[in-house]
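Listing of my_file.pdb; format and content: PDB, C-alpha atoms and all ligand atoms.
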MODEL        1
ATOM      1  CA  MET S   1     105.833 106.238  29.041
ATOM      2  CA  ASP S   2     103.157 103.998  27.546
ATOM      3  CA  LEU S   3     104.641 100.563  26.845
ATOM      4  CA  PRO S   4     102.964  97.770  24.883
ATOM      5  CA  VAL S   5     101.910  94.864  27.073
ATOM      6  CA  PHE S   6     103.390  91.436  26.318
ATOM      7  CA  ASN S   7     102.333  88.551  28.491
ATOM      8  CA  SER S   8     104.078  85.184  28.623
ATOM      9  CA  GLU S   9     102.002  83.844  25.709
ATOM     10  CA  HIS S  10     102.918  86.778  23.457
ATOM     11  CA  ILE S  11     106.568  86.301  24.344
ATOM     12  CA  LEU S  12     106.466  82.558  23.623
ATOM     13  CA  ALA S  13     104.711  83.118  20.298
ATOM     14  CA  GLN S  14     107.647  85.209  18.985
ATOM     15  CA  ARG S  15     110.362  82.715  19.813
ATOM     16  CA  PRO S  16     112.515  81.035  17.198
ATOM     17  CA  ALA S  17     113.385  77.355  17.730
ATOM     18  CA  LYS S  18     115.610  76.228  20.600
ATOM     19  CA  HIS S  19     119.105  74.924  19.934
ATOM     20  CA  GLU S  20     119.755  71.245  20.142
ATOM     21  CA  VAL S  21     121.164  70.355  23.550
ATOM     22  CA  ARG S  22     122.071  67.168  25.432
ATOM     23  CA  PRO S  23     121.034  66.542  29.042
ATOM     24  CA  ASP S  24     124.442  64.966  29.746
ATOM     25  CA  ARG S  25     126.532  67.895  28.470
ATOM     26  CA  PRO S  26     126.750  71.550  29.431
ATOM     27  CA  TYR S  27     126.169  73.748  26.403
ATOM     28  CA  ALA S  28     129.386  75.668  27.061
ATOM     29  CA  TRP S  29     132.253  75.447  29.535
ATOM     30  CA  MET S  30     135.403  77.499  29.915
ATOM     31  CA  ILE S  31     137.912  79.080  32.249
ATOM     32  CA  GLU S  32     137.552  82.872  32.315
ATOM     33  CA  PRO S  33     139.759  85.480  33.943
ATOM     34  CA  GLU S  34     137.850  87.563  36.486
ATOM     35  CA  CYS S  35     139.118  90.133  38.933
ATOM     36  CA  ASP S  36     138.255  89.173  42.512
ATOM     37  CA  SER S  37     137.133  91.560  45.246
ATOM     38  CA  ASN S  38     140.784  92.075  46.292
ATOM     39  CA  GLY S  39     141.681  93.270  42.801
ATOM     40  CA  ILE S  40     143.500  90.045  41.929
ATOM     41  CA  LEU S  41     142.870  88.423  38.579
ATOM     42  CA  GLN S  42     141.578  84.903  39.172
ATOM     43  CA  GLN S  43     140.713  82.095  36.796
ATOM     44  CA  VAL S  44     137.060  81.157  37.141
ATOM     45  CA  VAL S  45     135.520  77.939  35.885
ATOM     46  CA  THR S  46     132.285  78.828  34.111
ATOM     47  CA  LEU S  47     129.837  76.072  33.252
ATOM     48  CA  PHE S  48     126.677  76.744  31.287
ATOM     49  CA  LEU S  49     124.673  73.753  32.387
ATOM     50  CA  THR S  50     121.830  72.300  30.385
ATOM     51  CA  GLY S  51     118.647  71.899  32.388
ATOM     52  CA  ALA S  52     114.952  72.634  32.607
ATOM     53  CA  GLU S  53     113.731  75.899  31.144
ATOM     54  CA  CYS S  54     113.170  78.746  33.584
ATOM     55  CA  ARG S  55     109.602  79.113  34.820
ATOM     56  CA  PHE S  56     109.696  82.891  34.196
ATOM     57  CA  ARG S  57     109.326  84.479  30.774
ATOM     58  CA  CYS S  58     111.282  87.711  30.793
ATOM     59  CA  THR S  59     110.841  89.680  27.597
ATOM     60  CA  MET S  60     114.577  90.188  26.978
ATOM     61  CA  CYS S  61     115.725  86.683  27.929
ATOM     62  CA  ASP S  62     117.346  84.340  25.415
ATOM     63  CA  LEU S  63     118.658  81.777  27.899
ATOM     64  CA  TRP S  64     115.756  79.415  27.156
ATOM     65  CA  LYS S  65     117.426  78.592  23.833
ATOM     66  CA  HIS S  66     119.751  76.121  25.533
ATOM     67  CA  THR S  67     117.271  74.462  27.873
ATOM     68  CA  LEU S  68     115.263  71.247  28.061
ATOM     69  CA  ASP S  69     111.474  71.121  27.810
ATOM     70  CA  ILE S  70     111.377  68.622  30.671
ATOM     71  CA  PRO S  71     112.538  68.872  34.283
ATOM     72  CA  THR S  72     116.302  68.355  34.577
ATOM     73  CA  PRO S  73     116.781  64.580  34.910
ATOM     74  CA  PRO S  74     118.384  63.633  38.261
ATOM     75  CA  GLY S  75     122.094  62.993  37.774
ATOM     76  CA  ALA S  76     122.337  65.005  34.534
ATOM     77  CA  LEU S  77     123.994  68.058  36.093
ATOM     78  CA  ILE S  78     126.480  65.864  37.936
ATOM     79  CA  GLU S  79     127.405  64.177  34.679
ATOM     80  CA  GLN S  80     127.811  67.611  33.072
ATOM     81  CA  ILE S  81     129.979  69.021  35.859
ATOM     82  CA  ASN S  82     132.190  65.924  35.875
ATOM     83  CA  PHE S  83     132.543  66.046  32.111
ATOM     84  CA  ALA S  84     133.411  69.753  31.975
ATOM     85  CA  LEU S  85     135.919  69.655  34.837
ATOM     86  CA  GLN S  86     137.649  66.714  33.243
ATOM     87  CA  ASP S  87     137.657  68.365  29.834
ATOM     88  CA  LEU S  88     139.137  71.546  31.330
ATOM     89  CA  GLY S  89     141.809  69.455  33.047
ATOM     90  CA  ILE S  90     140.637  70.337  36.552
ATOM     91  CA  ASN S  91     140.936  67.912  39.424
ATOM     92  CA  TRP S  92     137.839  68.618  41.544
ATOM     93  CA  GLN S  93     139.809  67.762  44.683
ATOM     94  CA  ALA S  94     142.496  70.332  43.890
ATOM     95  CA  PRO S  95     141.183  73.022  41.529
ATOM     96  CA  ALA S  96     143.861  75.416  42.802
ATOM     97  CA  ASP S  97     146.483  73.180  41.121
ATOM     98  CA  SER S  98     145.045  74.394  37.793
ATOM     99  CA  GLY S  99     144.952  77.962  39.033
ATOM    100  CA  THR S 100     141.179  78.072  39.481
ATOM    101  CA  THR S 101     139.527  79.261  42.679
ATOM    102  CA  ALA S 102     135.892  79.862  41.797
ATOM    103  CA  ILE S 103     133.227  78.020  39.847
ATOM    104  CA  LYS S 104     130.091  79.394  38.224
ATOM    105  CA  LEU S 105     127.256  76.907  37.825
ATOM    106  CA  TYR S 106     124.963  78.839  35.518
ATOM    107  CA  ASN S 107     121.911  76.848  34.486
ATOM    108  CA  SER S 108     119.914  79.342  32.369
ATOM    109  CA  SER S 109     117.263  79.225  35.065
ATOM    110  CA  ASN S 110     117.158  79.301  38.851
ATOM    111  CA  PHE S 111     119.441  77.065  40.855
ATOM    112  CA  PHE S 112     116.936  76.863  43.700
ATOM    113  CA  ASP S 113     114.061  75.722  41.548
ATOM    114  CA  LYS S 114     113.919  71.983  42.094
ATOM    115  CA  ARG S 115     112.639  71.442  38.557
ATOM    116  CA  ALA S 116     115.949  72.943  37.351
ATOM    117  CA  VAL S 117     118.307  71.433  39.940
ATOM    118  CA  PRO S 118     116.932  68.232  41.486
ATOM    119  CA  LEU S 119     117.310  68.217  45.259
ATOM    120  CA  GLU S 120     118.757  64.714  45.144
ATOM    121  CA  ASP S 121     121.742  66.099  43.189
ATOM    122  CA  TRP S 122     122.716  68.660  45.815
ATOM    123  CA  ILE S 123     125.070  66.463  47.832
ATOM    124  CA  GLU S 124     127.063  65.415  44.788
ATOM    125  CA  ILE S 125     127.183  68.987  43.461
ATOM    126  CA  GLN S 126     128.445  70.142  46.858
ATOM    127  CA  ARG S 127     131.064  67.385  46.809
ATOM    128  CA  LEU S 128     132.301  68.278  43.318
ATOM    129  CA  THR S 129     132.596  71.961  44.209
ATOM    130  CA  ASN S 130     133.904  71.417  47.729
ATOM    131  CA  TYR S 131     137.448  72.565  47.006
ATOM    132  CA  PHE S 132     136.580  75.799  45.229
ATOM    133  CA  GLU S 133     136.810  78.946  47.336
ATOM    134  CA  THR S 134     133.672  80.375  45.754
ATOM    135  CA  VAL S 135     130.624  78.758  44.174
ATOM    136  CA  ILE S 136     128.413  81.065  42.132
ATOM    137  CA  VAL S 137     124.873  80.139  41.057
ATOM    138  CA  GLU S 138     122.062  82.172  39.537
ATOM    139  CA  ASN S 139     118.609  82.543  41.035
ATOM    140  CA  HIS S 140     115.453  84.653  40.919
ATOM    141  CA  PRO S 141     114.821  86.836  44.008
ATOM    142  CA  GLY S 142     111.425  85.155  44.398
ATOM    143  CA  LEU S 143     113.078  81.750  44.845
ATOM    144  CA  CYS S 144     115.576  82.600  47.581
ATOM    145  CA  GLY S 145     115.154  81.961  51.317
ATOM    146  CA  LYS S 146     115.481  78.815  53.384
ATOM    147  CA  ARG S 147     116.554  76.553  50.546
ATOM    148  CA  VAL S 148     119.563  78.754  49.754
ATOM    149  CA  TYR S 149     120.814  78.476  53.318
ATOM    150  CA  GLU S 150     120.320  74.722  53.353
ATOM    151  CA  PHE S 151     122.526  74.460  50.273
ATOM    152  CA  GLN S 152     125.065  76.904  51.717
ATOM    153  CA  HIS S 153     125.286  74.727  54.822
ATOM    154  CA  GLY S 154     126.679  71.833  52.783
ATOM    155  CA  LEU S 155     129.288  73.938  50.984
ATOM    156  CA  ALA S 156     132.835  74.390  52.204
ATOM    157  CA  GLY S 157     133.409  77.561  50.185
ATOM    158  CA  GLN S 158     131.689  80.920  49.867
ATOM    159  CA  LEU S 159     128.269  80.815  48.212
ATOM    160  CA  GLU S 160     127.546  83.657  45.841
ATOM    161  CA  ILE S 161     124.149  84.183  44.238
ATOM    162  CA  ALA S 162     123.755  85.993  40.941
ATOM    163  CA  LEU S 163     120.393  87.777  40.977
ATOM    164  CA  GLY S 164     118.877  89.652  38.064
ATOM    165  CA  LEU S 165     117.970  93.203  38.998
ATOM    166  CA  GLU S 166     117.762  94.096  35.288
ATOM    167  CA  THR S 167     116.741  97.733  35.744
ATOM    168  CA  VAL S 168     115.248 100.114  38.271
ATOM    169  CA  HIS S 169     113.395 102.019  35.530
ATOM    170  CA  PRO S 170     109.854 102.230  36.947
ATOM    171  CA  GLN S 171     108.088 101.408  33.672
ATOM    172  CA  VAL S 172     110.611  99.111  32.036
ATOM    173  CA  LEU S 173     111.046  96.759  35.027
ATOM    174  CA  PRO S 174     107.390  95.668  35.066
ATOM    175  CA  TRP S 175     107.441  95.529  31.269
ATOM    176  CA  LEU S 176     110.259  92.962  31.438
ATOM    177  CA  ASN S 177     107.759  90.458  32.912
ATOM    178  CA  LYS S 178     110.385  89.532  35.526
ATOM    179  CA  GLN S 179     107.666  89.337  38.173
ATOM    180  CA  MET S 180     109.820  91.060  40.737
ATOM    181  CA  THR S 181     109.534  94.379  42.562
ATOM    182  CA  LEU S 182     112.355  96.556  43.859
ATOM    183  CA  PRO S 183     111.331  96.171  47.529
ATOM    184  CA  GLN S 184     111.333  92.400  47.002
ATOM    185  CA  TYR S 185     114.803  92.600  45.427
ATOM    186  CA  ARG S 186     116.133  94.727  48.268
ATOM    187  CA  ALA S 187     114.713  92.442  50.954
ATOM    188  CA  THR S 188     116.197  89.403  49.205
ATOM    189  CA  VAL S 189     119.676  90.925  48.932
ATOM    190  CA  GLU S 190     119.616  92.073  52.544
ATOM    191  CA  ASP S 191     118.560  88.644  53.747
ATOM    192  CA  LEU S 192     121.234  86.872  51.687
ATOM    193  CA  VAL S 193     123.961  89.237  52.891
ATOM    194  CA  ALA S 194     122.795  88.805  56.503
ATOM    195  CA  HIS S 195     123.326  85.058  56.007
ATOM    196  CA  ASP S 196     126.868  85.564  54.616
ATOM    197  CA  VAL S 197     125.841  84.796  51.068
ATOM    198  CA  ARG S 198     127.586  87.117  48.633
ATOM    199  CA  VAL S 199     125.435  88.688  45.918
ATOM    200  CA  ARG S 200     126.281  89.737  42.397
ATOM    201  CA  THR S 201     123.643  91.135  40.119
ATOM    202  CA  PHE S 202     122.843  91.374  36.443
ATOM    203  CA  ILE S 203     121.875  94.802  35.129
ATOM    204  CA  LEU S 204     120.701  95.516  31.590
ATOM    205  CA  VAL S 205     122.357  98.229  29.569
ATOM    206  CA  LYS S 206     119.795  99.889  27.335
ATOM    207  CA  PRO S 207     116.625  97.839  27.491
ATOM    208  CA  PRO S 208     113.976  98.616  24.842
ATOM    209  CA  PHE S 209     112.208 101.986  24.683
ATOM    210  CA  LEU S 210     115.220 103.897  26.034
ATOM    211  CA  ASN S 211     117.443 106.064  23.897
ATOM    212  CA  GLU S 212     121.215 105.924  24.243
ATOM    213  CA  GLN S 213     121.430 108.529  26.995
ATOM    214  CA  GLU S 214     118.525 107.090  28.950
ATOM    215  CA  GLY S 215     120.066 103.630  28.608
ATOM    216  CA  VAL S 216     123.276 104.890  30.222
ATOM    217  CA  PHE S 217     121.430 106.863  32.896
ATOM    218  CA  TRP S 218     119.244 103.937  34.012
ATOM    219  CA  ALA S 219     122.163 101.514  33.997
ATOM    220  CA  MET S 220     123.941 103.862  36.433
ATOM    221  CA  GLU S 221     120.839 104.286  38.594
ATOM    222  CA  SER S 222     120.441 100.530  38.696
ATOM    223  CA  MET S 223     124.065 100.046  39.815
ATOM    224  CA  ARG S 224     123.601 102.636  42.546
ATOM    225  CA  PHE S 225     120.484 100.884  43.793
ATOM    226  CA  ALA S 226     122.114  97.435  43.696
ATOM    227  CA  PHE S 227     125.188  98.576  45.641
ATOM    228  CA  GLU S 228     122.991 100.353  48.155
ATOM    229  CA  CYS S 229     121.080  97.098  48.735
ATOM    230  CA  GLY S 230     124.334  95.300  49.552
ATOM    231  CA  VAL S 231     125.351  93.760  46.238
ATOM    232  CA  GLU S 232     129.112  93.201  45.929
ATOM    233  CA  CYS S 233     129.398  92.992  42.153
ATOM    234  CA  CYS S 234     127.398  94.347  39.215
ATOM    235  CA  SER S 235     127.562  92.435  35.978
ATOM    236  CA  MET S 236     126.337  94.706  33.218
ATOM    237  CA  VAL S 237     124.591  93.029  30.295
ATOM    238  CA  PRO S 238     124.242  94.941  27.019
ATOM    239  CA  VAL S 239     120.773  94.078  25.729
ATOM    240  CA  ARG S 240     120.886  92.081  22.503
ATOM    241  CA  GLY S 241     118.466  90.840  19.885
ATOM    242  CA  GLY S 242     117.933  87.230  18.889
ATOM    243  CA  ASN S 243     115.072  85.959  21.057
ATOM    244  CA  GLY S 244     112.220  86.765  18.707
ATOM    245  CA  LEU S 245     110.489  89.483  20.682
ATOM    246  CA  MET S 246     113.583  91.691  20.833
ATOM    247  CA  ASP S 247     114.013  91.321  17.075
ATOM    248  CA  ARG S 248     110.435  92.439  16.546
ATOM    249  CA  LEU S 249     111.000  95.479  18.759
ATOM    250  CA  GLN S 250     114.177  96.221  16.830
ATOM    251  CA  GLN S 251     112.276  96.105  13.517
ATOM    252  CA  ASP S 252     109.613  98.418  14.981
ATOM    253  CA  GLY S 253     112.324 100.889  16.058
ATOM    254  CA  ASP S 254     111.666 100.356  19.782
ATOM    255  CA  PHE S 255     115.030  98.771  20.481
ATOM    256  CA  THR S 256     118.599  99.159  19.298
ATOM    257  CA  PRO S 257     121.578  97.552  21.034
ATOM    258  CA  PRO S 258     123.794  99.978  22.969
ATOM    259  CA  THR S 259     126.846 101.562  21.405
ATOM    260  CA  VAL S 260     130.289 100.584  22.641
ATOM    261  CA  ALA S 261     130.770 104.209  23.747
ATOM    262  CA  SER S 262     127.749 103.814  26.062
ATOM    263  CA  LEU S 263     129.181 100.606  27.482
ATOM    264  CA  GLU S 264     132.457 102.408  28.186
ATOM    265  CA  GLN S 265     130.581 105.235  29.882
ATOM    266  CA  VAL S 266     128.596 102.844  32.075
ATOM    267  CA  LEU S 267     131.622 100.781  33.081
ATOM    268  CA  VAL S 268     133.682 103.868  33.902
ATOM    269  CA  ALA S 269     130.811 105.261  36.001
ATOM    270  CA  GLY S 270     130.466 101.970  37.853
ATOM    271  CA  LEU S 271     134.179 101.708  38.592
ATOM    272  CA  GLU S 272     134.256 105.317  39.724
ATOM    273  CA  MET S 273     131.517 104.599  42.271
ATOM    274  CA  GLY S 274     134.225 102.613  44.061
ATOM    275  CA  VAL S 275     131.741 100.437  45.942
ATOM    276  CA  GLY S 276     132.192  97.004  44.430
ATOM    277  CA  ARG S 277     133.239  95.191  41.301
ATOM    278  CA  VAL S 278     131.654  96.066  37.969
ATOM    279  CA  PHE S 279     131.948  93.975  34.837
ATOM    280  CA  MET S 280     130.726  94.601  31.320
ATOM    281  CA  ASP S 281     129.544  91.422  29.639
ATOM    282  CA  LEU S 282     131.344  91.193  26.317
ATOM    283  CA  TRP S 283     129.520  88.163  24.939
ATOM    284  CA  ASP S 284     128.115  88.781  21.466
ATOM    285  CA  SER S 285     130.271  91.872  21.104
ATOM    286  CA  ASP S 286     129.772  91.669  17.334
ATOM    287  CA  GLN S 287     126.219  92.965  17.958
ATOM    288  CA  PHE S 288     127.500  96.108  19.714
ATOM    289  CA  LEU S 289     127.409  99.288  17.695
ATOM    290  CA  ALA S 290     130.651 101.193  17.148
ATOM    291  CA  PRO S 291     132.571 102.733  14.272
ATOM    292  CA  GLU S 292     134.806 100.048  12.754
ATOM    293  CA  CYS S 293     137.832 102.358  12.954
ATOM    294  CA  CYS S 294     138.139 101.950  16.729
ATOM    295  CA  LYS S 295     135.689  99.231  17.752
ATOM    296  CA  GLN S 296     138.425  96.734  18.575
ATOM    297  CA  GLN S 297     140.365  99.270  20.646
ATOM    298  CA  ARG S 298     137.220 100.164  22.564
ATOM    299  CA  LEU S 299     136.396  96.509  23.211
ATOM    300  CA  SER S 300     139.981  95.993  24.409
ATOM    301  CA  ARG S 301     139.572  98.945  26.755
ATOM    302  CA  LEU S 302     136.401  97.378  28.176
ATOM    303  CA  MET S 303     138.179  94.069  28.631
ATOM    304  CA  GLU S 304     141.112  95.751  30.329
ATOM    305  CA  MET S 305     138.758  97.610  32.700
ATOM    306  CA  ASN S 306     136.930  94.340  33.472
ATOM    307  CA  GLN S 307     140.170  92.616  34.340
ATOM    308  CA  THR S 308     141.859  95.390  36.286
ATOM    309  CA  GLN S 309     138.765  97.074  37.797
ATOM    310  CA  GLN S 310     140.557 100.332  37.029
ATOM    311  CA  VAL S 311     139.487 103.061  34.636
ATOM    312  CA  GLN S 312     141.729 102.917  31.556
ATOM    313  CA  PRO S 313     142.665 105.862  29.301
ATOM    314  CA  GLU S 314     140.101 106.763  26.646
ATOM    315  CA  VAL S 315     140.630 105.545  23.096
ATOM    316  CA  GLN S 316     141.956 108.268  20.820
ATOM    317  CA  CYS S 317     140.776 107.675  17.264
ATOM    318  CA  ASP S 318     142.109 109.864  14.457
ATOM    319  CA  THR S 319     139.378 108.672  12.097
ATOM    320  CA  CYS S 320     136.154 109.309  14.019
ATOM    321  CA  GLY S 321     137.543 111.640  16.654
TER     322      GLY S 321
HETATM  323  S1  LIG S 401     114.386  84.838  35.385
HETATM  324 FE1  LIG S 401     116.366  84.846  34.312
HETATM  325  S2  LIG S 401     116.449  82.904  33.181
HETATM  326 FE2  LIG S 401     114.327  83.235  33.817
HETATM  327  S3  LIG S 401     113.356  84.225  32.054
HETATM  328 FE3  LIG S 401     114.031  85.848  33.440
HETATM  329  S4  LIG S 401     116.090  86.406  32.718
HETATM  330 FE4  LIG S 401     115.563  84.413  31.795
HETATM  331 ZN    ZN S 402     137.104 105.600  15.455
ENDMDL
END
Reformat the file's structure so that it appears as structure tokens.
Amino acid sequence: MDLPVFNSEHILAQRPAKHEVRPDRPYAWMIEPECDSNGILQQVVTLFLTGAECRFRCTMCDLWKHTLDIPTPPGALIEQINFALQDLGINWQAPADSGTTAIKLYNSSNFFDKRAVPLEDWIEIQRLTNYFETVIVENHPGLCGKRVYEFQHGLAGQLEIALGLETVHPQVLPWLNKQMTLPQYRATVEDLVAHDVRVRTFILVKPPFLNEQEGVFWAMESMRFAFECGVECCSMVPVRGGNGLMDRLQQDGDFTPPTVASLEQVLVAGLEMGVGRVFMDLWDSDQFLAPECCKQQRLSRLMEMNQTQQVQPEVQCDTCG
């Protein structure tokens, strides 16, 4: 497979404008139901924090849209976490009183990049998350190591790192400009697990240049690899347009978003592996391709499978069969 080469400059040149964001507010915050590793549906606080843009330039990424052009100002994330918890009606000293047990601090970058999360904010972040059973942050495999364990040391709860594996496809992974190799990913996961850090991973469903079947196949291969490395949870991300470069590829016929049927197939396969949790990301589900006659039913099936971690009966549609 001969893929066009896009370096960071090409990728930047295609981008539309960023959204307007405030350094003292997360750009989204919510409580989401998520099945835990014991099969119990928990309520998870999810904060999309506004901070410095990620130093990497992955071709499929659109997270930069909600980031700052400057390093995250010290204190800004603390202000954001305080604001969101208050707005969600959560007492940081007793989150369980509001039925929440875990918190995701997603910062559209890497938590252990000090440009994104100032080191001087760590103690206050640890204090504000001290009463959650699980604290989940995202990070690039190249930025793990000692710093992760220093942060873990100051946490009362379980630290979980969300790492992007993206895909194990041998040509597409380097094309993504993720600047990560599979041996590096494996070594990182093994090291984190050996230090009692739990790992979840993001896997792309149908990156560019793959047809529908190949998209499903490589998503499954990627899950297998991730579980084999020691990952506890695979979060499957249907690839979407909207970041400039992906839209160009879509116009050129090199990318189409996956169909809902493919997403069902991937999620079923992941659940049937029976190794760990598997979720299908249903953000932007309006971009997913499916016949209108049963799209809603299929999305509901995906949601049900996410929440129960059990394979649900297939949708029977009289219209499209
Ligand atoms: S490492 Fe993550 S946040 Fe950074 S560009 Fe890649 S996908 Fe986006
Ligand atoms: Zn139908």
At a cut-off of 12 Å and counting all atoms listed in the file, what residues surround ligand LIG 401 (chain S)? Please answer as a PyMOL selection string. chain S and resi 8+11-12+51-67+106-113+116+137-143+162-167+173-180+201-204+237+239+243
Just say which residues the PyMOL selection byres (((chain S and resi 256) around 12) and not hetatm) picks in this file, as a PyMOL selection string. chain S and resi 205-212+215+238-242+246-255+257-259+287-289
Closest atom pairs, residues of chain S within 9 Å of ligand ZN 402 (chain S), all atoms listed in the file, as JSON lines:
{"residue": "S:Ala290", "atom": "CA", "partner": "S:ZN402", "partner_atom": "ZN", "distance": 8.0}
{"residue": "S:Pro291", "atom": "CA", "partner": "S:ZN402", "partner_atom": "ZN", "distance": 5.5}
{"residue": "S:Glu292", "atom": "CA", "partner": "S:ZN402", "partner_atom": "ZN", "distance": 6.6}
{"residue": "S:Cys293", "atom": "CA", "partner": "S:ZN402", "partner_atom": "ZN", "distance": 4.2}
{"residue": "S:Cys294", "atom": "CA", "partner": "S:ZN402", "partner_atom": "ZN", "distance": 4.0}
{"residue": "S:Lys295", "atom": "CA", "partner": "S:ZN402", "partner_atom": "ZN", "distance": 6.9}
{"residue": "S:Gln297", "atom": "CA", "partner": "S:ZN402", "partner_atom": "ZN", "distance": 8.8}
{"residue": "S:Arg298", "atom": "CA", "partner": "S:ZN402", "partner_atom": "ZN", "distance": 8.9}
{"residue": "S:Val315", "atom": "CA", "partner": "S:ZN402", "partner_atom": "ZN", "distance": 8.4}
{"residue": "S:Gln316", "atom": "CA", "partner": "S:ZN402", "partner_atom": "ZN", "distance": 7.7}
{"residue": "S:Cys317", "atom": "CA", "partner": "S:ZN402", "partner_atom": "ZN", "distance": 4.6}
{"residue": "S:Asp318", "atom": "CA", "partner": "S:ZN402", "partner_atom": "ZN", "distance": 6.7}
{"residue": "S:Thr319", "atom": "CA", "partner": "S:ZN402", "partner_atom": "ZN", "distance": 5.1}
{"residue": "S:Cys320", "atom": "CA", "partner": "S:ZN402", "partner_atom": "ZN", "distance": 4.1}
{"residue": "S:Gly321", "atom": "CA", "partner": "S:ZN402", "partner_atom": "ZN", "distance": 6.2}
Counting only C-alpha atoms, what is within 8 Å of range 87-104 of chain S, bar same-chain residues fewer than 6 positions away, as a PyMOL selection string? chain S and resi 30-31+42-47+128-137
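Minimum distance to Ala261 in chain S across S:Asp281, S:Glu314, S:Glu160, S:Glu190 (counting only C-alpha atoms) occurs at S:Glu314.
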Excluding Glu304 in chain S and residues on its chain fewer than 4 positions from it, collect all residues at most 12 Å away from it, counting only C-alpha atoms, and give them as a ChimeraX atom specification. /S:33-35,41,264,267-268,279-280,282,297-300,308-314
CA of Val216 in chain S to CA of Leu302 in chain S, distance in Å rounded to a single decimal: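 So the two atoms, CA of Val216 in chain S and CA of Leu302 in chain S, lie 15.3 Å apart.
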Could you check how far CA of Arg186 in chain S sits from CA of Val231 in chain S, in Å to one decimal?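 That distance, rounded to one decimal, is 9.5 Å.
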Nearest residue to Met305 in chain S from the set S:Ala187, S:Ala269, S:Leu49, S:Leu182 (distances using only C-alpha atoms):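 Result for the nearest residue to Met305 in chain S: S:Ala269.
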Do you have the CA of Phe225 in chain S-CA of Leu263 in chain S distance handy?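 Rounded to one decimal, the two atoms are 18.5 Å apart.
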Can you pull out the residues contacting Lys146 in chain S? Cut-off 12 Å, using only C-alpha atoms, and skip same-chain residues under 6 positions away; I want them as number ranges by chain. S: 112, 152-153, 188, 191-192, 195
Which residue of S:Leu105, S:Met273, S:Ile78, S:Ala13 approaches Phe227 in chain S most closely, using only C-alpha atoms: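 Result for the nearest residue to Phe227 in chain S: S:Met273.
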When you look at range 71-76 of chain S with a cut-off of 9 Å (counting all atoms listed in the file), what residues show up, excluding the ones that are within fewer than 4 positions of it in the same chain? I need them as a PDB file with C-alpha atoms, in the coordinates of the input.
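Final output, part-v7.pdb:
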ATOM      1  CA  PRO S  23     121.034  66.542  29.042  1.00  0.00           C
ATOM      2  CA  ASP S  24     124.442  64.966  29.746  1.00  0.00           C
ATOM      3  CA  ARG S  25     126.532  67.895  28.470  1.00  0.00           C
ATOM      4  CA  THR S  50     121.830  72.300  30.385  1.00  0.00           C
ATOM      5  CA  GLY S  51     118.647  71.899  32.388  1.00  0.00           C
ATOM      6  CA  ALA S  52     114.952  72.634  32.607  1.00  0.00           C
ATOM      7  CA  GLU S  53     113.731  75.899  31.144  1.00  0.00           C
ATOM      8  CA  GLN S  80     127.811  67.611  33.072  1.00  0.00           C
ATOM      9  CA  ILE S  81     129.979  69.021  35.859  1.00  0.00           C
ATOM     10  CA  LYS S 114     113.919  71.983  42.094  1.00  0.00           C
ATOM     11  CA  ARG S 115     112.639  71.442  38.557  1.00  0.00           C
ATOM     12  CA  ALA S 116     115.949  72.943  37.351  1.00  0.00           C
ATOM     13  CA  VAL S 117     118.307  71.433  39.940  1.00  0.00           C
ATOM     14  CA  PRO S 118     116.932  68.232  41.486  1.00  0.00           C
ATOM     15  CA  LEU S 119     117.310  68.217  45.259  1.00  0.00           C
ATOM     16  CA  GLU S 120     118.757  64.714  45.144  1.00  0.00           C
ATOM     17  CA  ASP S 121     121.742  66.099  43.189  1.00  0.00           C
ATOM     18  CA  GLU S 124     127.063  65.415  44.788  1.00  0.00           C
TER      19      GLU S 124
END
Is it possible to get the axis-aligned box enclosing range 115-119 of chain S (all listed atoms, 5 Å extra per side) as JSON, with centre and edge lengths in Å rounded to one decimal?
{"center_x": 115.5, "center_y": 70.6, "center_z": 41.3, "size_x": 15.7, "size_y": 14.7, "size_z": 17.9}
Name all residues at most 10 Å from Tyr149 in chain S (count all atoms listed in the file; drop same-chain ones fewer than 4 positions away) and give them as a list in words.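 Contacts, with the query itself left out: Cys144, Gly145, His153, Gly154, Leu155, Leu159, Leu192, His195, Asp196 and Val197 of chain S.
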Where does the PyMOL selection byres (((chain S and resi 169) around 9) and not hetatm) land in this file, that is, which residues does it pick, as a list in words?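 Written out, the selection comes to Thr167, Val168, Pro170, Gln171, Val172, Leu173, Pro174, Trp218, Ala219, Glu221 and Ser222 of chain S.
Here the question is which of S:Leu3, S:Val199, S:Leu271, S:Val278 gets nearest to Ser235 in chain S using only C-alpha atoms, and that residue is S:Val278.
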